[in-house]
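Trainee: Okay, handing you the structure first.
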Amino acid sequence: MRIGVLTGGGDVPGLNPCIRSITLSADDLGWEVTGFRRGWEGVLAIDPADPASIAANSLPLTREGVRGLDRMGGTILHTSRTDPRTLKAGDQTARVLTTLEKLGIDAMVTLGGDGTLRFSSHLADQGLPVVSIPKTMDNDVFGTDYCIGFSTAVSRSVEAINALRTTVESHERIGVVELFGRRSGETALLAGFLAQVDRTVIAEVPADLDILLPLLAEDQATNPARYAMCVVSEGATISGAEAEDELSRPASERVDVGIGLRLGRAIKDRLGCGVVNQELAYLMRAGEPDAMDRMVGLAFGALAVQLLARGEKGRMVNLTDGNYGHVPAGTLLEGRKSVDVSGLYDAAAYRAKLMRVEGMPMFLY
């Protein structure tokens with residue numbers, strides 16, 4: 001048995017422990033493991049008749065070769081966001097299947113986010129044995145409670161937010177920290193709670209500046225240290241007159257900046273106070289994995305190989321209600337995972353600055 005492994009989409013801590021786990025579990029069964037470089041881009045770059053292209057775009061994964069890999073961040077296989085179905089040359093699904101067949105790949109284990117796993121599901125529909133493993137720091141893959149990379153991203157964010165407090169407090173300003181989270185605000189929500197910031201703006205709830213800015217002004221004024229902290233997810237939006245004013249401008253006059261900078265500019269213009277803006281960006285996914293991502297990466301990798309050994313295919317491993325399991329690979333196509341804000345607040349609680357998430361008091365906007 002020979003299995004192929006690849007990582008696609010953005011890198012996150014926890015991928016290398018997962019790759020190591022897959023390799024060791026397969027080696028225990030006497031299987032061979034081939035790693036493909038740069039996700040599906042590497043597969044497409046291979047000419048099965050050309051040994052040089054094979055060597056340049058793949059590598060054998062052995063027990064000796066993955067020693068110590070669980071302590072490393074990123075992915076040794078490198079990554080890309082290539083989707084073989086959306087290339088200028090047209091749908092390259094057939095080419096992918098042909099290449100894998102000629103290389104003697106019996107099954108694939110794919111590590112990725114929404115895009116990578118959608119194509120994995122597509123390959124499963126074509127008959128290729130595939131087990132997919134969800135990873136994304138946004139934790140927004142439908143069908144699992146947890147994705148590799150989420151815990152480390154939250155930990156990095158909390159550390160950075162608390163470190164930034166010293167500067168924000170020293171200058172008596174309002175700190176605005178923008179975190180990754182294009183479709184889901186879960187990373188910002190949890191990081192904001194754990195760092196105990198004053199306000200958290202998430203992608204699921206448009207921010208009305210007529211409400212948010214007075215609250216931030218009050219937070220700053222009532223803090224003996226005369227500063228306030230606000231976290232915002234990159235996918236957050238501004239509602240009301242501010243948003244309408246931005247959209248009414250000609251496209252050539254619009255300023256293409258992130259929500260954190262836009263919010264900081266509004267704070268400065270309307271409240272007249274100093275602002276410290278910080279986009280944490282790639283530092284959230286940098287460095288070695290924390291204990292949670294190391295553990296989940298190791299468990300997901302072992303489970304993926306177990307499924308293939310049992311003849312299970314077209315599956316996605318998951319972690320739901322505290323239990324490891326698996327669902328059909330196409331499950332992520334059935335919905336969109338984001339923070340469920342329905343019923344989390346009513347008008348009175350909203351105005352009173354209090355939201356509750358599963359019983360935890362959350363001082364959020």
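By order in the structure tokens, chains are A, B, ...; within a chain, residues start at 1; ligands start at 1, following the order shown.
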Enumerate, as a PDB file with C-alpha atoms, in the first residue's frame, the complete set of residues in segment 80-170 of chain A that a backbone-based DSSP assignment places in strand (DSSP E or B).

Mentor:
ATOM      1  CA  ALA A 107      -4.949   6.492  -1.441  1.00  0.00           C
ATOM      2  CA  MET A 108      -4.538  10.137  -0.420  1.00  0.00           C
ATOM      3  CA  VAL A 109      -4.530  11.864   2.959  1.00  0.00           C
ATOM      4  CA  THR A 110      -5.065  15.589   2.486  1.00  0.00           C
ATOM      5  CA  LEU A 111      -4.579  18.281   5.126  1.00  0.00           C
ATOM      6  CA  GLY A 112      -6.273  21.578   4.415  1.00  0.00           C
ATOM      7  CA  VAL A 130      -9.312   9.853   0.231  1.00  0.00           C
ATOM      8  CA  VAL A 131      -9.268  10.759   3.905  1.00  0.00           C
ATOM      9  CA  SER A 132      -9.195  14.503   4.590  1.00  0.00           C
ATOM     10  CA  ILE A 133      -7.984  16.271   7.722  1.00  0.00           C
ATOM     11  CA  PRO A 134      -9.350  19.742   8.597  1.00  0.00           C
ATOM     12  CA  LYS A 135      -6.904  22.509   9.475  1.00  0.00           C
ATOM     13  CA  ILE A 148      -5.687  21.921  13.519  1.00  0.00           C
TER      14      ILE A 148
END

Trainee: Please identify all polymer residues within 12 Å of Asp321 of chain A, counting only C-alpha atoms, omitting same-chain residues fewer than 3 positions from it, and present them as number ranges by chain.

Mentor: A: 143-146, 318, 324-325

Trainee: Write the residues you've just listed into a file as an mmCIF file, in the first residue's frame, and include N, CA, C and O atoms for each of them.

Mentor:
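And here is the file that came out, result-v9.cif:
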data_model
loop_
_atom_site.group_PDB
_atom_site.id
_atom_site.type_symbol
_atom_site.label_atom_id
_atom_site.label_comp_id
_atom_site.auth_asym_id
_atom_site.auth_seq_id
_atom_site.Cartn_x
_atom_site.Cartn_y
_atom_site.Cartn_z
ATOM 1 N N GLY A 143 -18.568 20.556 9.970
ATOM 2 C CA GLY A 143 -18.501 19.115 10.178
ATOM 3 C C GLY A 143 -17.561 18.697 11.290
ATOM 4 O O GLY A 143 -17.470 17.517 11.620
ATOM 5 N N THR A 144 -16.856 19.652 11.881
ATOM 6 C CA THR A 144 -15.964 19.358 12.999
ATOM 7 C C THR A 144 -15.971 20.522 13.973
ATOM 8 O O THR A 144 -16.076 21.686 13.568
ATOM 9 N N ASP A 145 -15.851 20.211 15.254
ATOM 10 C CA ASP A 145 -15.769 21.271 16.253
ATOM 11 C C ASP A 145 -14.390 21.912 16.275
ATOM 12 O O ASP A 145 -14.245 23.052 16.727
ATOM 13 N N TYR A 146 -13.390 21.157 15.797
ATOM 14 C CA TYR A 146 -12.021 21.645 15.928
ATOM 15 C C TYR A 146 -11.211 21.376 14.674
ATOM 16 O O TYR A 146 -11.310 20.297 14.072
ATOM 17 N N ASN A 318 -12.760 14.120 12.300
ATOM 18 C CA ASN A 318 -13.285 15.283 13.017
ATOM 19 C C ASN A 318 -13.146 15.097 14.517
ATOM 20 O O ASN A 318 -12.802 14.010 15.006
ATOM 21 N N TYR A 324 -13.115 11.965 19.019
ATOM 22 C CA TYR A 324 -12.571 11.836 17.671
ATOM 23 C C TYR A 324 -13.478 10.920 16.860
ATOM 24 O O TYR A 324 -13.967 9.912 17.357
ATOM 25 N N GLY A 325 -13.693 11.297 15.607
ATOM 26 C CA GLY A 325 -14.540 10.489 14.756
ATOM 27 C C GLY A 325 -14.315 10.841 13.301
ATOM 28 O O GLY A 325 -13.281 11.409 12.936
#

Trainee: Could you give me, as a CSV table (one decimal) with all heavy atoms, in the first residue's frame, the residues within 10 Å of Arg67 of chain A, counting only C-alpha atoms and dropping anything in the same chain fewer than 4 positions from it?

Mentor:
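Listed below is the output, part_13.csv:
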chain,number,residue,atom,x,y,z
A,20,ARG,N,3.9,13.6,10.7
A,20,ARG,CA,4.7,12.6,11.4
A,20,ARG,C,3.8,11.4,11.8
A,20,ARG,O,4.2,10.2,11.7
A,20,ARG,CB,5.4,13.2,12.6
A,20,ARG,CG,6.3,12.2,13.3
A,20,ARG,CD,7.0,12.9,14.5
A,20,ARG,NE,8.0,12.0,15.1
A,20,ARG,CZ,7.8,11.3,16.1
A,20,ARG,NH1,6.6,11.3,16.7
A,20,ARG,NH2,8.7,10.5,16.6
A,24,LEU,N,4.3,7.5,10.7
A,24,LEU,CA,4.6,6.4,11.6
A,24,LEU,C,3.5,5.4,11.6
A,24,LEU,O,3.8,4.2,11.7
A,24,LEU,CB,4.8,7.0,13.0
A,24,LEU,CG,6.0,8.0,13.3
A,24,LEU,CD1,6.0,8.4,14.7
A,24,LEU,CD2,7.3,7.4,12.8
A,62,THR,N,9.7,8.9,5.6
A,62,THR,CA,10.1,7.7,6.3
A,62,THR,C,10.1,7.9,7.8
A,62,THR,O,10.1,9.1,8.3
A,62,THR,CB,11.5,7.2,5.9
A,62,THR,OG1,12.4,8.3,6.2
A,62,THR,CG2,11.5,7.0,4.4
A,63,ARG,N,10.2,6.9,8.6
A,63,ARG,CA,10.2,7.0,10.0
A,63,ARG,C,11.4,7.8,10.5
A,63,ARG,O,11.3,8.7,11.3
A,63,ARG,CB,10.3,5.6,10.6
A,63,ARG,CG,10.4,5.6,12.2
A,63,ARG,CD,10.3,4.1,12.7
A,63,ARG,NE,9.0,3.6,12.5
A,63,ARG,CZ,8.0,3.6,13.3
A,63,ARG,NH1,8.1,4.3,14.5
A,63,ARG,NH2,6.8,3.1,13.1
A,71,ARG,N,7.7,18.8,16.7
A,71,ARG,CA,8.1,20.0,17.4
A,71,ARG,C,8.2,21.2,16.5
A,71,ARG,O,8.5,22.3,17.0
A,71,ARG,CB,9.4,19.8,18.2
A,71,ARG,CG,9.3,18.7,19.2
A,71,ARG,CD,10.6,18.6,20.0
A,71,ARG,NE,11.8,18.2,19.3
A,71,ARG,CZ,12.1,16.9,19.1
A,71,ARG,NH1,11.3,15.9,19.6
A,71,ARG,NH2,13.2,16.5,18.5

Trainee: Using only C-alpha atoms for the distances, tell me which of A:Phe150, A:Ala49, A:Thr7, A:Val33 is nearest to Thr79 of chain A.

Mentor: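 Result for the nearest residue to Thr79 of chain A: A:Thr7.
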
Trainee: Which distance in Å separates atom CA of Leu332 of chain A and atom CA of Gly301 of chain A, to one decimal?

Mentor: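 Separation between atom CA of Leu332 of chain A and atom CA of Gly301 of chain A: 18.8 Å.
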
Trainee: Residues near Leu123 of chain A, anyone? I mean within 12 Å using only C-alpha atoms, not counting same-chain ones fewer than 5 positions away, as a list of chain:residue names.

Mentor: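 The neighbour list is A:Trp40, A:Asp83, A:Pro84, A:Arg85, A:Gln92, A:Thr93, A:Ala94, A:Arg95, A:Val96, A:Leu97, A:Thr98, A:Leu100, A:Ala107, A:Met108, A:Val109, A:Thr110, A:Thr116, A:Leu117, A:Arg118, A:Leu128, A:Pro129, A:Val130, A:Val131, A:Ser132, A:Lys313, A:Gly314, A:Arg315, A:Ala329, A:Gly330.
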